[in-house]
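Below is one structure, written out as structure tokens; comments come after it.
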Amino acid sequence: MHNVIAFYDDRVLAHEPNIEADFLPERIDKRIRHLLAGLPGPWKYPEHPGRLTAIQQLLERAPIEGLKIEGGKAATHEQLARVHTTSYLSDIFSLRGKNAWLDVDTTAVSPGSIDAAEVAAGTAIAAVEAVMEKRTKSAFALVRPPGHHAEPVRARGFCLFNNVAVAAAHARSALGCERVLIVDWDAHHGNGTQDIFWAEPDVMFFDIHRAAPFYPGSGHLEEVGAGLGEGTTINVPLPAGAGDEAYLKAFRDILAPAAAWFKPDIILVSAGFDPHWHDLALNVSYAGFGALTGFMQQLAEQHCDGRLVFVLEGGYNLESLANGTRAVLAVLAGNTVPVPDTCGIAEVQAAADFHRTAFQTE
């Protein structure tokens, strides 16, 4: 067993868009209302405080030996400005204390959202600092709103600030990391992270996701970066239903040699749990998340003295989000890395053993 730190701050719960409220600007509000009116049933904002409450409750019911919980902090304007434009930040900060729609992707803010987003980005930084200060080999920033869809000039896909990009930029600018590897295993492509580091040779971005036209429609195989950063963007688009075997094969056959070539000083993981089948996008199991974590641990040990930071992204089914997060934390805390089975094989074998004597002939 060894210690792992999970960073959590109650202030991230203050982001709570309520679609019954009046939103600004009125033009986008009308467009959103029109879209919602066409749905077959009532719609609620999927990215809500209950996501982190579900994780907390499970960790209280099923504690993990070696897991420590520490508080977070708010990111500064300077830290956010490393990946977002000053004009975008000015626009976002002007919405503090207000209800507003930011785009027709249904990204919205409530009066407490800007504070929460600052804390989400700052808490990702706190996790990186803990690892770089050698207080722990691995850390997990349990934050919301998520970040990997947020672009330099645009909020998108429930994301306001790009938490993992802010943390990566801080590692490079303030903590002495020359090369940062970001691995995004969320079911949705991290278009914002890709955009931010598109031409950056010292940040490698590896993203495995459900293929377009699944939201946000980017992350094609041919998207590899540009300029000096050509080749440091790696996309692995998957068909619906792909699961543990596909993810692990991609990690072994693509990520491992890429990391060996890149030689990162720290590895960050954009960890979404919507690849689990409960979220109806892909087919990763809890054991699969644990196995992927074990693989990331090995990669970090090989290349950067074990320095490994997870940052929470998506996952909207509360059961799979909580259990997937716990599966990751358990492996980080030193529990045995699970070996996932192909779904159903163990059950078929058990049924075969049960029925075998019924069909024996002399």
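Scheme for the structure tokens: letters A, B, ... for chains in order shown; per-chain residue numbers from 1; ligand numbers from 1 in order shown.
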Please, which residues in stretch 126-209 of chain A fall within 9 Å of stretch 5-14 of chain A when counting only C-alpha atoms, and what is the closest atom pair and distance in Å to one decimal for each, ordered by chain then residue number, as CSV?
```
residue,atom,partner,partner_atom,distance
A:Ala126,CA,A:Phe7,CA,7.6
A:Ala127,CA,A:Phe7,CA,6.5
A:Ala130,CA,A:Ile5,CA,8.3
A:Arg135,CA,A:Ile5,CA,8.8
A:Thr136,CA,A:Ile5,CA,6.8
A:Lys137,CA,A:Ile5,CA,8.9
A:Ser138,CA,A:Ile5,CA,6.9
A:Ala139,CA,A:Ile5,CA,4.8
A:Phe140,CA,A:Ala6,CA,4.7
A:Ala141,CA,A:Phe7,CA,4.8
A:Leu142,CA,A:Tyr8,CA,5.3
A:Val143,CA,A:Val12,CA,6.6
A:Arg144,CA,A:Val12,CA,5.8
A:Pro145,CA,A:Val12,CA,7.3
```
Q | For stretch 103-108 of chain A: contacts at 8 Å, only C-alpha atoms, fewer than 6 positions along chain excluded, given as an NGL selection string | A | :A and (17 or 28 or 31-32 or 155-159)
Taking only C-alpha atoms into account, produce a table as a Markdown table in which each residue of stretch 80-190 of chain A with an atom at most 10 Å from an atom of stretch 210-225 of chain A appears once, together with its shortest atom pair and the distance in Å to one decimal, ordered by chain and rising number.
```
| residue | atom | partner | partner_atom | distance |
| --- | --- | --- | --- | --- |
| A:Asp105 | CA | A:Pro216 | CA | 9.4 |
| A:His149 | CA | A:Pro216 | CA | 8.3 |
| A:Arg156 | CA | A:Pro216 | CA | 9.3 |
| A:Gly157 | CA | A:Pro216 | CA | 7.9 |
| A:Trp185 | CA | A:Arg210 | CA | 9.7 |
| A:Asp186 | CA | A:Arg210 | CA | 8.7 |
| A:Ala187 | CA | A:Arg210 | CA | 5.5 |
| A:His188 | CA | A:Tyr215 | CA | 6.2 |
| A:His189 | CA | A:Gly219 | CA | 5.7 |
| A:Gly190 | CA | A:Gly219 | CA | 7.7 |
```
Q | Those in stretch 33-205 of chain A with alpha helix (DSSP H) from DSSP, as a PyMOL selection string | A | chain A and resi 33-37+50-61+77-80+86-93+113-132+163-174+191-196
Q: Find the spatial neighbours of stretch 315-327 of chain A, counting only C-alpha atoms, within a cut-off of 7 Å - ignore same-chain residues fewer than 3 positions away - and output them as a VMD selection string.
A: chain A and resid 46 to 47 51 54 to 55 58 272 to 274 276 278 to 279 286 289 to 290 330 to 331
Q) Which parts of stretch 68-171 of chain A does DSSP call strand (DSSP E or B) when run on the backbone here, written out as a list of chain:residue names? A) A:Lys68, A:Ile69, A:Glu70, A:Ala100, A:Trp101, A:Ala108, A:Val109, A:Ser138, A:Ala139, A:Phe140, A:Ala141, A:Glu151, A:Arg154, A:Arg156, A:Cys159
Within 10 Å of stretch 291-303 of chain A, which residues of stretch 182-254 of chain A show up? Give each one with its shortest atom-to-atom distance in Å (one decimal) and the two atoms involved, counting only C-alpha atoms, rows by chain then rising residue number, as a Markdown table.
```
| residue | atom | partner | partner_atom | distance |
| --- | --- | --- | --- | --- |
| A:Val183 | CA | A:Met296 | CA | 9.1 |
| A:Trp185 | CA | A:Leu292 | CA | 9.3 |
| A:Asp244 | CA | A:Leu292 | CA | 8.5 |
| A:Tyr247 | CA | A:Leu292 | CA | 7.8 |
| A:Leu248 | CA | A:Leu292 | CA | 6.7 |
| A:Phe251 | CA | A:Phe295 | CA | 7.8 |
| A:Arg252 | CA | A:Phe295 | CA | 8.5 |
```
Please, could you write that set of residues out with all heavy atoms as a compact mmCIF listing (two decimals), in the first residue's frame?
```txt
# COMPACT_ATOMS: atom_id res chain seq x y z
N VAL A 183 -3.03 12.27 -21.23
CA VAL A 183 -3.81 11.14 -21.74
C VAL A 183 -5.27 11.38 -21.40
O VAL A 183 -5.62 11.55 -20.23
CB VAL A 183 -3.31 9.81 -21.13
CG1 VAL A 183 -4.19 8.65 -21.61
CG2 VAL A 183 -1.85 9.57 -21.48
N TRP A 185 -8.95 9.77 -21.60
CA TRP A 185 -9.71 8.55 -21.91
C TRP A 185 -11.22 8.76 -21.79
O TRP A 185 -11.99 7.80 -21.83
CB TRP A 185 -9.22 7.37 -21.08
CG TRP A 185 -9.62 7.29 -19.63
CD1 TRP A 185 -10.81 7.67 -19.06
CD2 TRP A 185 -8.84 6.73 -18.56
NE1 TRP A 185 -10.82 7.38 -17.71
CE2 TRP A 185 -9.62 6.80 -17.38
CE3 TRP A 185 -7.57 6.15 -18.48
CZ2 TRP A 185 -9.16 6.34 -16.14
CZ3 TRP A 185 -7.11 5.70 -17.26
CH2 TRP A 185 -7.91 5.78 -16.11
N ASP A 244 -12.78 -2.65 -22.87
CA ASP A 244 -11.50 -2.84 -22.21
C ASP A 244 -10.38 -3.28 -23.17
O ASP A 244 -9.28 -2.72 -23.13
CB ASP A 244 -11.64 -3.90 -21.10
CG ASP A 244 -12.63 -3.51 -20.03
OD1 ASP A 244 -13.00 -2.33 -19.95
OD2 ASP A 244 -13.04 -4.41 -19.26
N TYR A 247 -9.24 -0.41 -25.49
CA TYR A 247 -8.49 0.61 -24.75
C TYR A 247 -7.09 0.11 -24.40
O TYR A 247 -6.09 0.83 -24.60
CB TYR A 247 -9.24 0.98 -23.47
CG TYR A 247 -10.13 2.21 -23.60
CD1 TYR A 247 -11.31 2.16 -24.34
CD2 TYR A 247 -9.80 3.41 -22.97
CE1 TYR A 247 -12.13 3.28 -24.45
CE2 TYR A 247 -10.62 4.53 -23.07
CZ TYR A 247 -11.78 4.46 -23.81
OH TYR A 247 -12.58 5.57 -23.93
N LEU A 248 -7.00 -1.09 -23.87
CA LEU A 248 -5.70 -1.61 -23.44
C LEU A 248 -4.78 -1.85 -24.64
O LEU A 248 -3.57 -1.61 -24.56
CB LEU A 248 -5.89 -2.89 -22.63
CG LEU A 248 -6.46 -2.66 -21.23
CD1 LEU A 248 -6.93 -3.98 -20.62
CD2 LEU A 248 -5.42 -2.00 -20.32
N PHE A 251 -3.37 1.46 -25.61
CA PHE A 251 -2.34 1.88 -24.66
C PHE A 251 -1.04 1.14 -24.92
O PHE A 251 0.05 1.72 -24.92
CB PHE A 251 -2.82 1.64 -23.23
CG PHE A 251 -3.66 2.75 -22.67
CD1 PHE A 251 -4.48 3.51 -23.48
CD2 PHE A 251 -3.65 3.04 -21.32
CE1 PHE A 251 -5.26 4.55 -22.97
CE2 PHE A 251 -4.41 4.07 -20.79
CZ PHE A 251 -5.22 4.83 -21.62
N ARG A 252 -1.13 -0.18 -25.16
CA ARG A 252 0.08 -0.97 -25.39
C ARG A 252 0.75 -0.64 -26.72
O ARG A 252 1.97 -0.47 -26.78
CB ARG A 252 -0.27 -2.47 -25.36
CG ARG A 252 -0.59 -3.04 -23.98
CD ARG A 252 -0.65 -4.56 -24.04
NE ARG A 252 -1.66 -5.03 -24.97
CZ ARG A 252 -2.90 -5.38 -24.63
NH1 ARG A 252 -3.28 -5.28 -23.36
NH2 ARG A 252 -3.76 -5.81 -25.53
```
Q. Which residues come within 10 Å of A:Val180, counting only C-alpha atoms, excluding same-chain residues fewer than 6 positions away, as a count of residues only?
A. 18
Q) Looking at A:Val4, A:Leu52, A:Val166, A:Ala260, which one is nearest to A:His77, with distances taken over only C-alpha atoms? A)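 Once distances to A:His77 are computed over only C-alpha atoms, the minimum belongs to A:Val166.
The interatomic distance for the pair atom CA of A:Thr342 and atom CA of A:Ala242 works out to 11.0 Å.
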Q. Of the candidates A:His355, A:His2, A:Ser110, A:Gln349, which one gets nearest to A:Ile64 if we count only C-alpha atoms?
A.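 For A:Ile64, the nearest of the given residues is A:His2.
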